[in-house]
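Asker: So that you have it, the file is entry_10.pdb, and it contains PDB, C-alpha atoms:
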```
ATOM      1  CA  ALA A   1      -3.516 117.158-193.712
ATOM      2  CA  GLN A   2      -2.009 118.391-190.527
ATOM      3  CA  SER A   3      -0.453 121.823-190.327
ATOM      4  CA  VAL A   4       1.019 124.189-187.784
ATOM      5  CA  THR A   5       0.955 127.974-187.882
ATOM      6  CA  GLN A   6       3.159 130.237-185.831
ATOM      7  CA  PRO A   7       1.800 133.706-186.565
ATOM      8  CA  ASP A   8       4.749 135.639-185.134
ATOM      9  CA  ILE A   9       7.949 135.388-187.151
ATOM     10  CA  HIS A  10       9.933 137.620-184.783
ATOM     11  CA  ILE A  11       9.333 138.651-181.201
ATOM     12  CA  THR A  12      11.480 140.950-179.078
ATOM     13  CA  VAL A  13      11.063 141.106-175.322
ATOM     14  CA  SER A  14      13.030 142.710-172.547
ATOM     15  CA  GLU A  15      14.944 140.514-170.162
ATOM     16  CA  GLY A  16      12.746 139.735-167.180
ATOM     17  CA  ALA A  17       9.519 140.305-169.094
ATOM     18  CA  SER A  18       6.965 137.598-169.693
ATOM     19  CA  LEU A  19       6.735 135.754-172.981
ATOM     20  CA  GLU A  20       4.000 134.084-174.980
ATOM     21  CA  LEU A  21       4.628 132.443-178.336
ATOM     22  CA  ARG A  22       1.577 131.478-180.333
ATOM     23  CA  CYS A  23       0.922 128.191-182.080
ATOM     24  CA  ASN A  24      -2.190 127.077-183.930
ATOM     25  CA  TYR A  25      -2.552 123.624-185.385
ATOM     26  CA  SER A  26      -4.804 121.703-187.711
ATOM     27  CA  TYR A  27      -5.051 117.996-187.069
ATOM     28  CA  GLY A  28      -7.833 115.504-187.623
ATOM     29  CA  ALA A  29      -7.463 113.539-184.421
ATOM     30  CA  THR A  30      -6.271 114.279-180.933
ATOM     31  CA  PRO A  31      -2.907 115.851-181.549
ATOM     32  CA  TYR A  32       0.391 115.274-179.918
ATOM     33  CA  LEU A  33       1.937 118.727-179.602
ATOM     34  CA  PHE A  34       5.510 119.797-179.051
ATOM     35  CA  TRP A  35       7.658 122.853-178.619
ATOM     36  CA  TYR A  36      11.291 122.736-179.679
ATOM     37  CA  VAL A  37      14.024 125.351-179.343
ATOM     38  CA  GLN A  38      16.891 125.781-181.791
ATOM     39  CA  SER A  39      19.953 127.842-180.960
ATOM     40  CA  PRO A  40      22.504 128.748-183.636
ATOM     41  CA  GLY A  41      24.683 125.780-184.453
ATOM     42  CA  GLN A  42      22.664 123.518-182.205
ATOM     43  CA  GLY A  43      20.155 120.815-182.891
ATOM     44  CA  LEU A  44      16.516 121.094-181.968
ATOM     45  CA  GLN A  45      15.878 120.546-178.281
ATOM     46  CA  LEU A  46      12.519 119.460-176.936
ATOM     47  CA  LEU A  47      11.097 121.940-174.420
ATOM     48  CA  LEU A  48       7.832 120.193-173.663
ATOM     49  CA  LYS A  49       5.137 117.981-175.097
ATOM     50  CA  TYR A  50       1.425 117.371-174.717
ATOM     51  CA  PHE A  51      -0.188 114.005-175.266
ATOM     52  CA  SER A  52      -3.260 113.963-173.035
ATOM     53  CA  GLY A  53      -4.459 114.827-169.555
ATOM     54  CA  ASP A  54      -3.717 118.135-167.894
ATOM     55  CA  THR A  55      -3.850 120.806-170.570
ATOM     56  CA  LEU A  56      -1.150 122.881-168.873
ATOM     57  CA  VAL A  57       2.215 121.219-169.334
ATOM     58  CA  GLN A  58       5.494 122.139-167.762
ATOM     59  CA  GLY A  59       8.762 121.871-169.609
ATOM     60  CA  ILE A  60      12.410 122.517-169.180
ATOM     61  CA  LYS A  61      14.022 125.919-168.640
ATOM     62  CA  GLY A  62      10.916 127.298-166.925
ATOM     63  CA  PHE A  63       8.653 127.049-169.985
ATOM     64  CA  GLU A  64       5.042 125.959-169.951
ATOM     65  CA  ALA A  65       2.359 125.554-172.599
ATOM     66  CA  GLU A  66      -1.387 125.306-172.550
ATOM     67  CA  PHE A  67      -3.426 123.141-174.900
ATOM     68  CA  LYS A  68      -6.756 124.690-175.838
ATOM     69  CA  ARG A  69      -8.751 122.341-178.031
ATOM     70  CA  SER A  70     -11.527 124.881-178.702
ATOM     71  CA  GLN A  71      -8.975 127.308-180.136
ATOM     72  CA  SER A  72      -6.691 124.689-181.722
ATOM     73  CA  SER A  73      -3.842 126.375-179.927
ATOM     74  CA  PHE A  74      -0.794 125.364-177.947
ATOM     75  CA  ASN A  75       0.868 128.592-176.834
ATOM     76  CA  LEU A  76       4.230 128.610-175.100
ATOM     77  CA  ARG A  77       4.788 130.840-172.099
ATOM     78  CA  LYS A  78       7.518 131.859-169.722
ATOM     79  CA  PRO A  79       6.980 134.279-166.837
ATOM     80  CA  SER A  80      10.438 135.859-166.930
ATOM     81  CA  VAL A  81      12.698 135.691-169.952
ATOM     82  CA  HIS A  82      16.472 135.373-169.648
ATOM     83  CA  TRP A  83      18.962 136.569-172.257
ATOM     84  CA  SER A  84      19.917 132.941-172.875
ATOM     85  CA  ASP A  85      16.375 132.244-174.127
ATOM     86  CA  ALA A  86      17.128 134.094-177.365
ATOM     87  CA  ALA A  87      16.706 131.419-180.033
ATOM     88  CA  GLU A  88      14.232 130.123-182.573
ATOM     89  CA  TYR A  89      11.202 128.267-181.286
ATOM     90  CA  PHE A  90       9.230 125.695-183.240
ATOM     91  CA  CYS A  91       5.831 124.244-182.533
ATOM     92  CA  ALA A  92       5.155 120.796-183.975
ATOM     93  CA  VAL A  93       2.301 118.328-184.219
ATOM     94  CA  GLY A  94       2.381 114.584-184.537
ATOM     95  CA  PRO A  95       2.388 111.737-184.825
ATOM     96  CA  ASN A  96       0.989 110.345-187.958
ATOM     97  CA  ALA A  97       1.675 106.784-188.973
ATOM     98  CA  GLY A  98       5.403 107.141-188.825
ATOM     99  CA  ASN A  99       5.694 109.396-185.860
ATOM    100  CA  MET A 100       7.156 112.085-188.071
ATOM    101  CA  LEU A 101       6.527 115.634-186.962
ATOM    102  CA  THR A 102       4.977 118.555-188.797
ATOM    103  CA  PHE A 103       6.608 121.807-187.758
ATOM    104  CA  GLY A 104       5.485 125.396-187.864
ATOM    105  CA  GLY A 105       7.591 128.059-189.494
ATOM    106  CA  GLY A 106       9.185 129.115-186.239
ATOM    107  CA  THR A 107       9.344 132.251-184.113
ATOM    108  CA  ARG A 108      12.654 133.983-183.587
ATOM    109  CA  LEU A 109      12.932 135.387-180.091
ATOM    110  CA  MET A 110      15.251 138.288-179.354
ATOM    111  CA  VAL A 111      15.860 139.442-175.784
ATOM    112  CA  LYS A 112      16.747 143.054-175.012
ATOM    113  CA  PRO A 113      18.963 143.746-172.003
TER     114      PRO A 113
ATOM    115  CA  ASP B   1      29.041 112.353-176.468
ATOM    116  CA  THR B   2      26.056 110.037-176.820
ATOM    117  CA  GLY B   3      23.834 112.353-178.856
ATOM    118  CA  VAL B   4      22.974 112.282-182.550
ATOM    119  CA  SER B   5      25.917 113.267-184.702
ATOM    120  CA  GLN B   6      25.975 114.413-188.309
ATOM    121  CA  ASN B   7      28.838 114.800-190.737
ATOM    122  CA  PRO B   8      29.873 116.962-192.346
ATOM    123  CA  ARG B   9      28.514 119.994-190.569
ATOM    124  CA  HIS B  10      28.889 122.130-193.660
ATOM    125  CA  LYS B  11      29.097 121.236-197.335
ATOM    126  CA  ILE B  12      29.569 123.580-200.261
ATOM    127  CA  THR B  13      29.201 122.073-203.691
ATOM    128  CA  LYS B  14      28.655 123.099-207.265
ATOM    129  CA  ARG B  15      25.400 122.501-209.034
ATOM    130  CA  GLY B  16      25.296 119.085-210.628
ATOM    131  CA  GLN B  17      27.618 117.416-208.143
ATOM    132  CA  ASN B  18      26.604 114.558-205.864
ATOM    133  CA  VAL B  19      26.800 114.893-202.089
ATOM    134  CA  THR B  20      26.411 112.416-199.248
ATOM    135  CA  PHE B  21      25.660 113.144-195.609
ATOM    136  CA  ARG B  22      25.984 110.814-192.676
ATOM    137  CA  CYS B  23      23.950 110.530-189.491
ATOM    138  CA  ASP B  24      24.893 108.489-186.444
ATOM    139  CA  PRO B  25      21.893 108.092-184.147
ATOM    140  CA  ILE B  26      21.826 107.413-180.437
ATOM    141  CA  SER B  27      22.960 103.818-180.212
ATOM    142  CA  GLU B  28      19.847 102.167-178.777
ATOM    143  CA  HIS B  29      17.429 104.066-181.034
ATOM    144  CA  ASN B  30      15.864 101.994-183.787
ATOM    145  CA  ARG B  31      14.075 104.857-185.550
ATOM    146  CA  LEU B  32      15.930 107.400-187.628
ATOM    147  CA  TYR B  33      14.451 110.425-189.394
ATOM    148  CA  TRP B  34      15.662 112.896-191.968
ATOM    149  CA  TYR B  35      14.253 116.422-192.175
ATOM    150  CA  ARG B  36      15.134 119.387-194.360
ATOM    151  CA  GLN B  37      15.064 122.967-193.089
ATOM    152  CA  THR B  38      15.306 125.887-195.474
ATOM    153  CA  LEU B  39      16.150 129.369-194.307
ATOM    154  CA  GLY B  40      13.380 130.920-192.258
ATOM    155  CA  GLN B  41      11.269 127.782-192.276
ATOM    156  CA  GLY B  42      10.594 124.934-189.922
ATOM    157  CA  PRO B  43      11.958 121.461-190.582
ATOM    158  CA  GLU B  44      10.100 119.359-193.158
ATOM    159  CA  PHE B  45       9.985 115.586-192.969
ATOM    160  CA  LEU B  46      11.837 113.693-195.681
ATOM    161  CA  THR B  47      11.969 110.039-194.669
ATOM    162  CA  TYR B  48      12.364 107.674-191.749
ATOM    163  CA  PHE B  49      13.706 104.222-190.965
ATOM    164  CA  GLN B  50      12.700 101.593-188.481
ATOM    165  CA  ASN B  51      15.925  99.653-188.093
ATOM    166  CA  GLU B  52      17.139  99.155-191.689
ATOM    167  CA  ALA B  53      13.705  99.426-193.311
ATOM    168  CA  GLN B  54      12.740 102.708-194.927
ATOM    169  CA  LEU B  55       9.079 102.982-193.970
ATOM    170  CA  GLU B  56       7.978 106.360-195.216
ATOM    171  CA  LYS B  57       9.110 108.879-197.795
ATOM    172  CA  SER B  58       7.829 112.400-198.262
ATOM    173  CA  ARG B  59       6.865 113.778-201.646
ATOM    174  CA  LEU B  60       9.734 116.195-201.041
ATOM    175  CA  LEU B  61      12.136 113.320-201.552
ATOM    176  CA  SER B  62      12.633 113.447-205.313
ATOM    177  CA  ASP B  63      14.308 110.731-207.333
ATOM    178  CA  ARG B  64      17.609 112.536-206.888
ATOM    179  CA  PHE B  65      17.510 111.814-203.175
ATOM    180  CA  SER B  66      18.273 108.442-201.694
ATOM    181  CA  ALA B  67      18.637 107.424-198.080
ATOM    182  CA  GLU B  68      19.990 104.217-196.652
ATOM    183  CA  ARG B  69      20.460 102.644-193.279
ATOM    184  CA  PRO B  70      22.151  99.388-194.212
ATOM    185  CA  LYS B  71      22.741  97.871-190.808
ATOM    186  CA  GLY B  72      20.113  99.673-188.835
ATOM    187  CA  SER B  73      22.685 101.942-187.255
ATOM    188  CA  PHE B  74      24.052 104.964-189.131
ATOM    189  CA  SER B  75      22.269 106.405-192.142
ATOM    190  CA  THR B  76      23.368 108.214-195.269
ATOM    191  CA  LEU B  77      21.455 110.705-197.368
ATOM    192  CA  GLU B  78      22.702 111.189-200.909
ATOM    193  CA  ILE B  79      21.646 113.922-203.271
ATOM    194  CA  GLN B  80      22.537 113.397-206.908
ATOM    195  CA  ARG B  81      22.915 116.183-209.447
ATOM    196  CA  THR B  82      22.440 118.868-206.838
ATOM    197  CA  GLU B  83      20.406 121.957-207.659
ATOM    198  CA  GLN B  84      20.477 125.359-206.015
ATOM    199  CA  GLY B  85      17.072 124.614-204.521
ATOM    200  CA  ASP B  86      18.660 121.811-202.520
ATOM    201  CA  SER B  87      20.497 124.358-200.393
ATOM    202  CA  ALA B  88      19.204 123.815-196.879
ATOM    203  CA  MET B  89      20.006 122.387-193.473
ATOM    204  CA  TYR B  90      19.545 118.627-193.393
ATOM    205  CA  LEU B  91      18.580 117.397-189.945
ATOM    206  CA  CYS B  92      18.702 113.891-188.624
ATOM    207  CA  ALA B  93      16.803 112.670-185.586
ATOM    208  CA  SER B  94      16.496 109.359-183.811
ATOM    209  CA  SER B  95      14.072 107.830-181.360
ATOM    210  CA  LEU B  96      13.044 104.577-179.815
ATOM    211  CA  GLY B  97      10.389 102.709-181.757
ATOM    212  CA  ALA B  98       6.707 103.469-181.310
ATOM    213  CA  GLY B  99       4.233 101.219-179.549
ATOM    214  CA  GLY B 100       1.627  98.902-181.012
ATOM    215  CA  PRO B 101      -1.182  99.707-183.431
ATOM    216  CA  VAL B 102      -3.927 100.069-180.833
ATOM    217  CA  LEU B 103      -2.289 102.563-178.561
ATOM    218  CA  PRO B 104       0.534 104.191-180.412
ATOM    219  CA  THR B 105       3.012 105.846-178.200
ATOM    220  CA  TYR B 106       5.437 108.532-178.974
ATOM    221  CA  ASN B 107       9.070 108.505-178.132
ATOM    222  CA  GLU B 108      10.984 111.763-178.192
ATOM    223  CA  GLN B 109      12.985 112.494-181.287
ATOM    224  CA  PHE B 110      16.503 113.658-180.537
ATOM    225  CA  PHE B 111      17.955 115.880-183.220
ATOM    226  CA  GLY B 112      21.494 116.211-184.460
ATOM    227  CA  PRO B 113      23.133 119.577-185.204
ATOM    228  CA  GLY B 114      22.440 119.271-188.921
ATOM    229  CA  THR B 115      24.441 119.471-192.119
ATOM    230  CA  ARG B 116      24.222 122.787-193.915
ATOM    231  CA  LEU B 117      24.377 122.333-197.688
ATOM    232  CA  THR B 118      25.123 125.224-200.008
ATOM    233  CA  VAL B 119      24.822 124.591-203.737
ATOM    234  CA  LEU B 120      26.548 127.200-205.879
TER     235      LEU B 120
END
```
Output the structure of this file as structure tokens.

Answerer:
Amino acid sequence: AQSVTQPDIHITVSEGASLELRCNYSYGATPYLFWYVQSPGQGLQLLLKYFSGDTLVQGIKGFEAEFKRSQSSFNLRKPSVHWSDAAEYFCAVGPNAGNMLTFGGGTRLMVKP
Amino acid sequence: DTGVSQNPRHKITKRGQNVTFRCDPISEHNRLYWYRQTLGQGPEFLTYFQNEAQLEKSRLLSDRFSAERPKGSFSTLEIQRTEQGDSAMYLCASSLGAGGPVLPTYNEQFFGPGTRLTVL
């Protein structure tokens, strides 16, 4: 069965600092990998996705992620965090037969001024 | 607003009562998904529809849960005889349909804001 682990439940960074959120997955085939962001009262918004090809993918809001098959990881990065990035971030893997997603437990990002 | 909408946004009910939630997907999307998100956890898949057909149900979807999408547009999720363990955020998402069996493609799921259920 597929699974996603986000080892860091909470992360606090200073505004302007770099960010890396970790994601490890377990999936039998070549995975489709996603990062979503969820702000309070808002739905999940897709930041970026990886299907195949270049293992470094660019997303919205200045985020990028790197797929490393040997480490079963898909870590999210941003070179300079803004206060508006404070939110909860979810890594997900898919699809299986129905294209449903399997999400990790999430990482809550707090940004210090 | 052409995004996914969900109603109500919040529902408080007493244990044992029935509740129904509604999801209106993006109009041209033929796939509709329901997920449940408990506090501090990521969303968990419940069920999905391709048009009006319910194609997959998670083991999380007990007999007290029923979902419908009668005309392939909006969907309802009903929980009968609610229990305190049903308290969660119920998320709906929609997407275009996937590709064929040889080369499945993925179409982005767009999520609604969710319905937060509290069972007292």

Asker: Just the residues within 8 Å of A:Leu44, please, counting only C-alpha atoms, with nothing from its chain fewer than 6 positions along; format it as a list in words.

Answerer: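 Result of the neighbour search: Tyr36, Val37 and Gln38 of chain A; Phe110, Phe111, Gly112 and Pro113 of chain B.
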
Asker: Please measure the separation of atom CA of B:Leu60 and atom CA of B:Asp24, giving the value in Å to one decimal.

Answerer: 22.4 Å

Asker: Quick one: contact table of chain B to chain A, 12 Å max, nearest atom pair and distance in Å to one decimal per residue, counting all atoms listed in the file, chain and number order, as JSON lines?

Answerer:
```
{"residue": "B:Gly3", "atom": "CA", "partner": "A:Gly43", "partner_atom": "CA", "distance": 10.1}
{"residue": "B:Val4", "atom": "CA", "partner": "A:Gly43", "partner_atom": "CA", "distance": 9.0}
{"residue": "B:Ser5", "atom": "CA", "partner": "A:Gly43", "partner_atom": "CA", "distance": 9.7}
{"residue": "B:Gln6", "atom": "CA", "partner": "A:Gly43", "partner_atom": "CA", "distance": 10.2}
{"residue": "B:Arg9", "atom": "CA", "partner": "A:Gly41", "partner_atom": "CA", "distance": 9.2}
{"residue": "B:His10", "atom": "CA", "partner": "A:Gly41", "partner_atom": "CA", "distance": 10.8}
{"residue": "B:Arg31", "atom": "CA", "partner": "A:Asn99", "partner_atom": "CA", "distance": 9.5}
{"residue": "B:Leu32", "atom": "CA", "partner": "A:Met100", "partner_atom": "CA", "distance": 10.0}
{"residue": "B:Tyr33", "atom": "CA", "partner": "A:Met100", "partner_atom": "CA", "distance": 7.6}
{"residue": "B:Trp34", "atom": "CA", "partner": "A:Met100", "partner_atom": "CA", "distance": 9.4}
{"residue": "B:Tyr35", "atom": "CA", "partner": "A:Met100", "partner_atom": "CA", "distance": 9.3}
{"residue": "B:Arg36", "atom": "CA", "partner": "A:Phe103", "partner_atom": "CA", "distance": 11.1}
{"residue": "B:Gln37", "atom": "CA", "partner": "A:Gly105", "partner_atom": "CA", "distance": 9.7}
{"residue": "B:Thr38", "atom": "CA", "partner": "A:Gly105", "partner_atom": "CA", "distance": 10.0}
{"residue": "B:Leu39", "atom": "CA", "partner": "A:Gly105", "partner_atom": "CA", "distance": 9.9}
{"residue": "B:Gly40", "atom": "CA", "partner": "A:Gly105", "partner_atom": "CA", "distance": 7.0}
{"residue": "B:Gln41", "atom": "CA", "partner": "A:Gly105", "partner_atom": "CA", "distance": 4.6}
{"residue": "B:Gly42", "atom": "CA", "partner": "A:Gly105", "partner_atom": "CA", "distance": 4.4}
{"residue": "B:Pro43", "atom": "CA", "partner": "A:Phe103", "partner_atom": "CA", "distance": 6.1}
{"residue": "B:Glu44", "atom": "CA", "partner": "A:Thr102", "partner_atom": "CA", "distance": 6.8}
{"residue": "B:Phe45", "atom": "CA", "partner": "A:Met100", "partner_atom": "CA", "distance": 6.7}
{"residue": "B:Leu46", "atom": "CA", "partner": "A:Met100", "partner_atom": "CA", "distance": 9.1}
{"residue": "B:Thr47", "atom": "CA", "partner": "A:Met100", "partner_atom": "CA", "distance": 8.4}
{"residue": "B:Tyr48", "atom": "CA", "partner": "A:Gly98", "partner_atom": "CA", "distance": 7.6}
{"residue": "B:Phe49", "atom": "CA", "partner": "A:Gly98", "partner_atom": "CA", "distance": 9.1}
{"residue": "B:Gln50", "atom": "CA", "partner": "A:Gly98", "partner_atom": "CA", "distance": 9.2}
{"residue": "B:Gln54", "atom": "CA", "partner": "A:Gly98", "partner_atom": "CA", "distance": 10.5}
{"residue": "B:Leu55", "atom": "CA", "partner": "A:Gly98", "partner_atom": "CA", "distance": 7.6}
{"residue": "B:Glu56", "atom": "CA", "partner": "A:Gly98", "partner_atom": "CA", "distance": 6.9}
{"residue": "B:Lys57", "atom": "CA", "partner": "A:Gly98", "partner_atom": "CA", "distance": 9.9}
{"residue": "B:Ser58", "atom": "CA", "partner": "A:Met100", "partner_atom": "CA", "distance": 10.2}
{"residue": "B:Met89", "atom": "CA", "partner": "A:Gly43", "partner_atom": "CA", "distance": 10.7}
{"residue": "B:Tyr90", "atom": "CA", "partner": "A:Gly43", "partner_atom": "CA", "distance": 10.7}
{"residue": "B:Leu91", "atom": "CA", "partner": "A:Gly43", "partner_atom": "CA", "distance": 8.0}
{"residue": "B:Cys92", "atom": "CA", "partner": "A:Gly43", "partner_atom": "CA", "distance": 9.1}
{"residue": "B:Ala93", "atom": "CA", "partner": "A:Leu44", "partner_atom": "CA", "distance": 9.2}
{"residue": "B:Ser94", "atom": "CA", "partner": "A:Met100", "partner_atom": "CA", "distance": 10.6}
{"residue": "B:Ser95", "atom": "CA", "partner": "A:Asn99", "partner_atom": "CA", "distance": 9.6}
{"residue": "B:Leu96", "atom": "CA", "partner": "A:Asn99", "partner_atom": "CA", "distance": 10.7}
{"residue": "B:Gly97", "atom": "CA", "partner": "A:Asn99", "partner_atom": "CA", "distance": 9.1}
{"residue": "B:Ala98", "atom": "CA", "partner": "A:Asn99", "partner_atom": "CA", "distance": 7.5}
{"residue": "B:Gly99", "atom": "CA", "partner": "A:Asn99", "partner_atom": "CA", "distance": 10.4}
{"residue": "B:Gly100", "atom": "CA", "partner": "A:Ala97", "partner_atom": "CA", "distance": 11.2}
{"residue": "B:Pro101", "atom": "CA", "partner": "A:Ala97", "partner_atom": "CA", "distance": 9.4}
{"residue": "B:Val102", "atom": "CA", "partner": "A:Ala97", "partner_atom": "CA", "distance": 11.9}
{"residue": "B:Leu103", "atom": "CA", "partner": "A:Ala97", "partner_atom": "CA", "distance": 11.9}
{"residue": "B:Pro104", "atom": "CA", "partner": "A:Pro95", "partner_atom": "CA", "distance": 8.9}
{"residue": "B:Thr105", "atom": "CA", "partner": "A:Asn99", "partner_atom": "CA", "distance": 8.9}
{"residue": "B:Tyr106", "atom": "CA", "partner": "A:Asn99", "partner_atom": "CA", "distance": 6.9}
{"residue": "B:Asn107", "atom": "CA", "partner": "A:Asn99", "partner_atom": "CA", "distance": 8.5}
{"residue": "B:Glu108", "atom": "CA", "partner": "A:Leu46", "partner_atom": "CA", "distance": 7.9}
{"residue": "B:Gln109", "atom": "CA", "partner": "A:Leu46", "partner_atom": "CA", "distance": 8.2}
{"residue": "B:Phe110", "atom": "CA", "partner": "A:Gln45", "partner_atom": "CA", "distance": 7.3}
{"residue": "B:Phe111", "atom": "CA", "partner": "A:Gly43", "partner_atom": "CA", "distance": 5.4}
{"residue": "B:Gly112", "atom": "CA", "partner": "A:Gly43", "partner_atom": "CA", "distance": 5.0}
{"residue": "B:Pro113", "atom": "CA", "partner": "A:Gly43", "partner_atom": "CA", "distance": 4.0}
{"residue": "B:Gly114", "atom": "CA", "partner": "A:Gly43", "partner_atom": "CA", "distance": 6.6}
{"residue": "B:Thr115", "atom": "CA", "partner": "A:Gly41", "partner_atom": "CA", "distance": 9.9}
{"residue": "B:Arg116", "atom": "CA", "partner": "A:Gly41", "partner_atom": "CA", "distance": 9.9}
```

Asker: For the selection just defined, write its residues with C-alpha atoms to a file, as an mmCIF file, in the frame of the given file.

Answerer:
```cif
data_model
loop_
_atom_site.group_PDB
_atom_site.id
_atom_site.type_symbol
_atom_site.label_atom_id
_atom_site.label_comp_id
_atom_site.auth_asym_id
_atom_site.auth_seq_id
_atom_site.Cartn_x
_atom_site.Cartn_y
_atom_site.Cartn_z
ATOM 1 C CA GLY B 3 23.834 112.353 -178.856
ATOM 2 C CA VAL B 4 22.974 112.282 -182.550
ATOM 3 C CA SER B 5 25.917 113.267 -184.702
ATOM 4 C CA GLN B 6 25.975 114.413 -188.309
ATOM 5 C CA ARG B 9 28.514 119.994 -190.569
ATOM 6 C CA HIS B 10 28.889 122.130 -193.660
ATOM 7 C CA ARG B 31 14.075 104.857 -185.550
ATOM 8 C CA LEU B 32 15.930 107.400 -187.628
ATOM 9 C CA TYR B 33 14.451 110.425 -189.394
ATOM 10 C CA TRP B 34 15.662 112.896 -191.968
ATOM 11 C CA TYR B 35 14.253 116.422 -192.175
ATOM 12 C CA ARG B 36 15.134 119.387 -194.360
ATOM 13 C CA GLN B 37 15.064 122.967 -193.089
ATOM 14 C CA THR B 38 15.306 125.887 -195.474
ATOM 15 C CA LEU B 39 16.150 129.369 -194.307
ATOM 16 C CA GLY B 40 13.380 130.920 -192.258
ATOM 17 C CA GLN B 41 11.269 127.782 -192.276
ATOM 18 C CA GLY B 42 10.594 124.934 -189.922
ATOM 19 C CA PRO B 43 11.958 121.461 -190.582
ATOM 20 C CA GLU B 44 10.100 119.359 -193.158
ATOM 21 C CA PHE B 45 9.985 115.586 -192.969
ATOM 22 C CA LEU B 46 11.837 113.693 -195.681
ATOM 23 C CA THR B 47 11.969 110.039 -194.669
ATOM 24 C CA TYR B 48 12.364 107.674 -191.749
ATOM 25 C CA PHE B 49 13.706 104.222 -190.965
ATOM 26 C CA GLN B 50 12.700 101.593 -188.481
ATOM 27 C CA GLN B 54 12.740 102.708 -194.927
ATOM 28 C CA LEU B 55 9.079 102.982 -193.970
ATOM 29 C CA GLU B 56 7.978 106.360 -195.216
ATOM 30 C CA LYS B 57 9.110 108.879 -197.795
ATOM 31 C CA SER B 58 7.829 112.400 -198.262
ATOM 32 C CA MET B 89 20.006 122.387 -193.473
ATOM 33 C CA TYR B 90 19.545 118.627 -193.393
ATOM 34 C CA LEU B 91 18.580 117.397 -189.945
ATOM 35 C CA CYS B 92 18.702 113.891 -188.624
ATOM 36 C CA ALA B 93 16.803 112.670 -185.586
ATOM 37 C CA SER B 94 16.496 109.359 -183.811
ATOM 38 C CA SER B 95 14.072 107.830 -181.360
ATOM 39 C CA LEU B 96 13.044 104.577 -179.815
ATOM 40 C CA GLY B 97 10.389 102.709 -181.757
ATOM 41 C CA ALA B 98 6.707 103.469 -181.310
ATOM 42 C CA GLY B 99 4.233 101.219 -179.549
ATOM 43 C CA GLY B 100 1.627 98.902 -181.012
ATOM 44 C CA PRO B 101 -1.182 99.707 -183.431
ATOM 45 C CA VAL B 102 -3.927 100.069 -180.833
ATOM 46 C CA LEU B 103 -2.289 102.563 -178.561
ATOM 47 C CA PRO B 104 0.534 104.191 -180.412
ATOM 48 C CA THR B 105 3.012 105.846 -178.200
ATOM 49 C CA TYR B 106 5.437 108.532 -178.974
ATOM 50 C CA ASN B 107 9.070 108.505 -178.132
ATOM 51 C CA GLU B 108 10.984 111.763 -178.192
ATOM 52 C CA GLN B 109 12.985 112.494 -181.287
ATOM 53 C CA PHE B 110 16.503 113.658 -180.537
ATOM 54 C CA PHE B 111 17.955 115.880 -183.220
ATOM 55 C CA GLY B 112 21.494 116.211 -184.460
ATOM 56 C CA PRO B 113 23.133 119.577 -185.204
ATOM 57 C CA GLY B 114 22.440 119.271 -188.921
ATOM 58 C CA THR B 115 24.441 119.471 -192.119
ATOM 59 C CA ARG B 116 24.222 122.787 -193.915
#
```

Asker: Expand the PyMOL selection byres ((chain A and resi 60) around 9) into the explicit residue set it covers here, and present it as a short mmCIF file (atom, residue, chain, number, x, y, z; two decimals) with C-alpha atoms, keeping the file's coordinate frame.

Answerer:
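Output saved as result.cif:
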```
data_model
loop_
_atom_site.label_atom_id
_atom_site.label_comp_id
_atom_site.auth_asym_id
_atom_site.auth_seq_id
_atom_site.Cartn_x
_atom_site.Cartn_y
_atom_site.Cartn_z
CA LEU A 46 12.52 119.46 -176.94
CA LEU A 47 11.10 121.94 -174.42
CA LEU A 48 7.83 120.19 -173.66
CA GLN A 58 5.49 122.14 -167.76
CA GLY A 59 8.76 121.87 -169.61
CA LYS A 61 14.02 125.92 -168.64
CA GLY A 62 10.92 127.30 -166.92
CA PHE A 63 8.65 127.05 -169.98
CA GLU A 64 5.04 125.96 -169.95
#
```

Asker: Around (12.9, 112.8, -210.6) in the file's own coordinates, what residues are found within 12 Å if you use all atoms listed in the file, given back as a PyMOL selection string?

Answerer: chain B and resi 59-66+79-82

Asker: Expand the PyMOL selection byres ((chain B and resi 84) around 7) into the explicit residue set it covers here, and present it as a PyMOL selection string.

Answerer: chain B and resi 15+82-83+85-87+119-120

Asker: Rounded to one decimal, what separation in Å do you get between atom CA of A:Glu15 and atom CA of A:Leu56?

Answerer: 23.9 Å

Asker: Tell me which protein, DNA and RNA residues are within 7 Å of stretch 71-81 of chain A, counting all atoms listed in the file, leaving out same-chain ones fewer than 6 positions away, and put them as a CSV table (one decimal) with C-alpha atoms, in the coordinates of the input.

Answerer:
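Written output follows (selection.csv):
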```csv
chain,number,residue,atom,x,y,z
A,15,GLU,CA,14.9,140.5,-170.2
A,16,GLY,CA,12.7,139.7,-167.2
A,17,ALA,CA,9.5,140.3,-169.1
A,18,SER,CA,7.0,137.6,-169.7
A,19,LEU,CA,6.7,135.8,-173.0
A,20,GLU,CA,4.0,134.1,-175.0
A,21,LEU,CA,4.6,132.4,-178.3
A,22,ARG,CA,1.6,131.5,-180.3
A,23,CYS,CA,0.9,128.2,-182.1
A,24,ASN,CA,-2.2,127.1,-183.9
A,25,TYR,CA,-2.6,123.6,-185.4
A,26,SER,CA,-4.8,121.7,-187.7
A,62,GLY,CA,10.9,127.3,-166.9
A,63,PHE,CA,8.7,127.0,-170.0
A,64,GLU,CA,5.0,126.0,-170.0
A,65,ALA,CA,2.4,125.6,-172.6
```

Asker: Expressed in Å to a single decimal, how great is the separation between atom CA of B:Ala88 and atom CA of B:Arg69?

Answerer: 21.5 Å

Asker: Centre and edge lengths, as lines of an AutoDock Vina configuration file, for the axis-aligned box enclosing every listed atom of stretch 1-9 of chain A with 4 Å of padding on each of the six sides, in Å to one decimal?

Answerer:
```
center_x = 2.2
center_y = 126.4
center_z = -189.4
size_x = 19.5
size_y = 26.5
size_z = 16.6
```

Asker: For this file, the PyMOL selection byres ((chain B and resi 73) around 8) selects which residues, as a list in words?

Answerer: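 With the shown file as input, the PyMOL selection byres ((chain B and resi 73) around 8) matches Asp24, Pro25, Ser27, Asn30, Asn51, Glu52, Arg69, Pro70, Lys71, Gly72, Phe74 and Ser75 of chain B.
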